[in-house]
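*Asks:* What follows is a structure written as structure tokens; I'll ask about it next.
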Amino acid sequence: MKKAGNVLIVDDNKSVLESLQLFLKRKFDEVIICSNPNRIPNLLSCHKFDVVLLDMNFSTGINNGNEGLFWMKEILKIDSTLVVILFTAYAEVNLAVNAMKDGAADFILKPWDNKKLFATLKSGVELHKTRQKVESLENQKQFLEQDLNQSFEKIIGDSEAMKPVFETIRKVANTDANVLILGENGTGKELVARELHLMSARRNEIFMGVDLGSLSESIFESELFGHVKGAFTDAKEDRKGRFQSASGGSLFLDEIGNLSLAMQAKLLAVLQNRKVTPLGSNREDHVDIRLICATNQNVQEMIIAGNFREDLLYRINTIQIELPPLRNRGNDIITIAEHFLKRYTDKYGKSELKLRPETKEKLLNYLWPGNIRELRHCMERAVILNDKGELSPEDFLLEKQNSGIELGDSPISLDEAERLIIVNSIKRNRGNISSVAKELNIGRQTLYRKIEKYNIS
Ligand SMILES: Nc1ncnc2c1ncn2[C@@H]1O[C@H](COP(=O)(O)OP(=O)(O)OP(=O)(O)O)[C@@H](O)[C@H]1O
């Protein structure tokens, strides 16, 4: 017969303990005995039990069962999924029955019948496994509910710049290939990640998003890989990591460029083995995830600067999707603006509001450094503040553009003009050298030479 489950037996009678251990150790994986209930918390932190068989009286002369009830509550406080079975004399049956209201799963009468004892403990092990499964589903449900509370957009747009994006999504969604999504803030990287999930065979499983940028070094491992109780001071109970909770579904690691080199090494090890070891544990959990990562940083430049591991990049970028900034999406700016206009006029009961042609012109000419997120906020603000029926250019207080140095009317040399153009482009592109080179239509090496020549910092 296959042994299954771990049992802790707590009773002050050593001969009872020894005979139970002798009988049960052939039937369960681990049978630990303990005559002093004060050791229970320590034992629970060092071992993983399914069932605790707990005597009701420990101090000589006191037979009111209160000690057993006290320890039962302590055990359930430490781990509410543990199955406690009370071990009781016939005279205490009523007490034991009442204890079932407080969380005992069952009771066994002394003197016991070995067959009945084994059957009860075995059902206890099954019950524990079921409780753990329920807990894990609860865990996933919480993430799913958080997700459902947010409404997700369809990716709007049909500009030339977006065509390769839609094409790649269509080709790779239904594979398990790792995808790296690149693009400035607010360009819709998370939206693309969700679309990949929704179009994949995993669509009915969980989509788990993790903002790596908000994880400090100290909680990185426990958040992603989980921990066991006692692994560190605040680890009051076992906790699953995001990797384990996402198993079966898609895991979206946002802001991957923000990871320190130490965190990158830990992540790489997990991605190589597809196995996760919770903090403080020796156990390895196999994880079956589809990995989608995103960053607004230039990973190639980070590699050159020694800030991103090349081997990690190769693990995560089987397929790369580059989202164009909103300013390069032409008329998508208007389509998306009208989409948000509809949303917010419905929300604020102002269905008559329309965009004037000059307003559209202003929106089309603006550079949108915050991309679609900025456009959404601008539309909401304009709808809230406007009561006139039409949205005019003045309703949009857009950040001053090209806030860099103006060329002006005073005579300057060609070199000085070139310097200003480069400085302005760097500002506009928030220091992204590839985008600057693209905008100025020169190679990156040429751009680096000019930056050096003009001593631009
Ligand atoms: N093409 C689009 N159509 C409609 N809404 C969009 C589109 N792209 C992005 N959005 C909306 O813009 C907002 C920002 O998108 P998202 O969070 O996906 O961007 P991101 O690139 O992941 O941003 P960050 O880099 O800051 O994490 C969201 O509200 C999203 O729904």
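Chain labels run A, B, ... following the order of the structure tokens; each chain numbers its residues from 1, and ligands are numbered from 1 in the order shown.
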Taking the chain letters and numbering used in this document, name the residues of range 144-247 of chain A that DSSP puts in strand (DSSP E or B), as an MDAnalysis selection string.
*Replies:* chainID A and resid 179:182 207:211 226:227 239:240
*Asks:* Put those residues in a file: C-alpha atoms, as a PDB file, in the first residue's frame.
*Replies:*
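And here's result-v3.pdb as it stands now:
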```pdb
ATOM      1  CA  VAL A 179       7.462  37.432 -25.691  1.00  0.00           C
ATOM      2  CA  LEU A 180       9.222  40.682 -24.852  1.00  0.00           C
ATOM      3  CA  ILE A 181       7.177  43.842 -25.412  1.00  0.00           C
ATOM      4  CA  LEU A 182       9.091  47.088 -25.828  1.00  0.00           C
ATOM      5  CA  PHE A 207      -3.283  36.093 -16.347  1.00  0.00           C
ATOM      6  CA  MET A 208      -0.941  37.181 -13.586  1.00  0.00           C
ATOM      7  CA  GLY A 209       0.710  40.570 -13.876  1.00  0.00           C
ATOM      8  CA  VAL A 210       3.664  41.593 -11.711  1.00  0.00           C
ATOM      9  CA  ASP A 211       5.102  45.100 -11.685  1.00  0.00           C
ATOM     10  CA  GLY A 226       6.819  32.209  -2.276  1.00  0.00           C
ATOM     11  CA  HIS A 227       8.053  31.360   1.197  1.00  0.00           C
ATOM     12  CA  ARG A 239       2.668  31.702   1.014  1.00  0.00           C
ATOM     13  CA  LYS A 240       2.652  30.804  -2.646  1.00  0.00           C
TER      14      LYS A 240
END
```
*Asks:* Around ligand 1, out to 9 Å and counting only C-alpha atoms and all ligand atoms, which residues are there? I want them as a PyMOL selection string.
*Replies:* chain A and resi 151-157+162+181-194+211+254-255+294-296+323+326+332+335-337+339-340+370-376
*Asks:* Quick one: of A:Gln272, A:Thr318, A:Thr120, A:Asn455, who's nearest to Glu416 in chain A, counting only C-alpha atoms?
*Replies:*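 Smallest separation from Glu416 in chain A among the options: A:Asn455.
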*Asks:* Report the distance between CA of Asp415 in chain A and CA of Leu447 in chain A in Å, rounded to one decimal place.
*Replies:*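 Calculated distance between CA of Asp415 in chain A and CA of Leu447 in chain A is 13.8 Å.
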*Asks:* Please list as a list in words every residue within 12 Å of Leu76 in chain A, counting only C-alpha atoms and excluding residues in the same chain fewer than 4 positions away.
*Replies:*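 After dropping sequence-adjacent residues, the list is Ile40, Pro41, Leu44, Val51, Val52, Leu69, Phe70, Trp71, Met72, Ser80, Thr81, Leu82, Val83, Val84, Ile85, Asp102, Gly103, Ala104, Ala105 and Glu237 of chain A.
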*Asks:* Work out how far CA of Asp238 in chain A is from CA of Met263 in chain A, in Å to one decimal.
*Replies:*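 According to the coordinates, CA of Met263 in chain A and CA of Asp238 in chain A are separated by 21.9 Å.
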*Asks:* Excluding Phe107 in chain A and residues on its chain fewer than 4 positions from it, collect all residues at most 7 Å away from it, counting only C-alpha atoms, and give them as a list of chain:residue names.
*Replies:*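 So, after excluding close chain neighbours, the residues are A:Ile85, A:Leu86, A:Phe87, A:Thr88, A:Ala96.
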*Asks:* Limited to C-alpha atoms, could you put the picked residues into a file as a compact mmCIF listing (two decimals), in the first residue's frame?
*Replies:*
```
# COMPACT_ATOMS: atom_id res chain seq x y z
CA ILE A 85 -8.39 15.14 15.33
CA LEU A 86 -9.00 14.97 19.07
CA PHE A 87 -7.93 11.94 21.04
CA THR A 88 -10.37 11.56 23.89
CA ALA A 96 -15.02 16.63 21.74
```
*Asks:* Just the residues within 7 Å of Gly241 in chain A, please, counting only C-alpha atoms, with nothing from its chain fewer than 4 positions along; format it as a PyMOL selection string.
*Replies:* chain A and resi 222-226+245
*Asks:* What is the distance between CA of Arg430 in chain A and CA of Gln300 in chain A, in Å to one decimal?
*Replies:*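 Interatomic distance, CA of Arg430 in chain A to CA of Gln300 in chain A: 16.5 Å.
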*Asks:* Just want the 8 Å neighbourhood of Ala231 in chain A, counted on only C-alpha atoms, with same-chain residues fewer than 6 positions away dropped. Output as a PDB file with N, CA and C atoms, in the first residue's frame.
*Replies:*
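Done, and the output landed in part_2.pdb:
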```pdb
ATOM      1  N   LEU A 279      11.258  30.519  -0.596  1.00  0.00           N
ATOM      2  CA  LEU A 279      12.260  30.915   0.412  1.00  0.00           C
ATOM      3  C   LEU A 279      12.127  30.049   1.654  1.00  0.00           C
ATOM      4  N   GLY A 280      13.254  29.542   2.149  1.00  0.00           N
ATOM      5  CA  GLY A 280      13.254  28.763   3.383  1.00  0.00           C
ATOM      6  C   GLY A 280      12.839  27.320   3.179  1.00  0.00           C
ATOM      7  N   SER A 281      12.672  26.901   1.922  1.00  0.00           N
ATOM      8  CA  SER A 281      12.213  25.528   1.703  1.00  0.00           C
ATOM      9  C   SER A 281      13.228  24.769   0.864  1.00  0.00           C
TER      10      SER A 281
END
```
*Asks:* Could you name the residues that touch Asp346 in chain A at 12 Å or less, counting only C-alpha atoms, but leaving out those on the same chain fewer than 6 positions away, as a PDB file with N, CA and C atoms, in the first residue's frame?
*Replies:*
```
ATOM      1  N   HIS A 339     -12.622  57.434 -28.959  1.00  0.00           N
ATOM      2  CA  HIS A 339     -13.021  56.290 -28.119  1.00  0.00           C
ATOM      3  C   HIS A 339     -13.139  56.734 -26.653  1.00  0.00           C
ATOM      4  N   PHE A 340     -12.137  57.481 -26.190  1.00  0.00           N
ATOM      5  CA  PHE A 340     -12.182  57.951 -24.795  1.00  0.00           C
ATOM      6  C   PHE A 340     -13.253  59.031 -24.610  1.00  0.00           C
ATOM      7  N   GLU A 352     -23.405  65.209 -25.730  1.00  0.00           N
ATOM      8  CA  GLU A 352     -23.386  66.158 -26.854  1.00  0.00           C
ATOM      9  C   GLU A 352     -21.966  66.602 -27.205  1.00  0.00           C
ATOM     10  N   LEU A 353     -20.985  66.402 -26.344  1.00  0.00           N
ATOM     11  CA  LEU A 353     -19.627  66.935 -26.576  1.00  0.00           C
ATOM     12  C   LEU A 353     -18.950  66.334 -27.814  1.00  0.00           C
ATOM     13  N   GLU A 380     -10.458  62.842 -20.351  1.00  0.00           N
ATOM     14  CA  GLU A 380     -11.332  62.820 -19.174  1.00  0.00           C
ATOM     15  C   GLU A 380     -11.430  64.222 -18.565  1.00  0.00           C
ATOM     16  N   VAL A 383     -13.521  66.568 -20.722  1.00  0.00           N
ATOM     17  CA  VAL A 383     -14.961  66.273 -20.637  1.00  0.00           C
ATOM     18  C   VAL A 383     -15.521  66.786 -19.305  1.00  0.00           C
ATOM     19  N   ILE A 384     -14.804  66.564 -18.230  1.00  0.00           N
ATOM     20  CA  ILE A 384     -15.301  66.990 -16.905  1.00  0.00           C
ATOM     21  C   ILE A 384     -15.463  68.512 -16.868  1.00  0.00           C
TER      22      ILE A 384
END
```
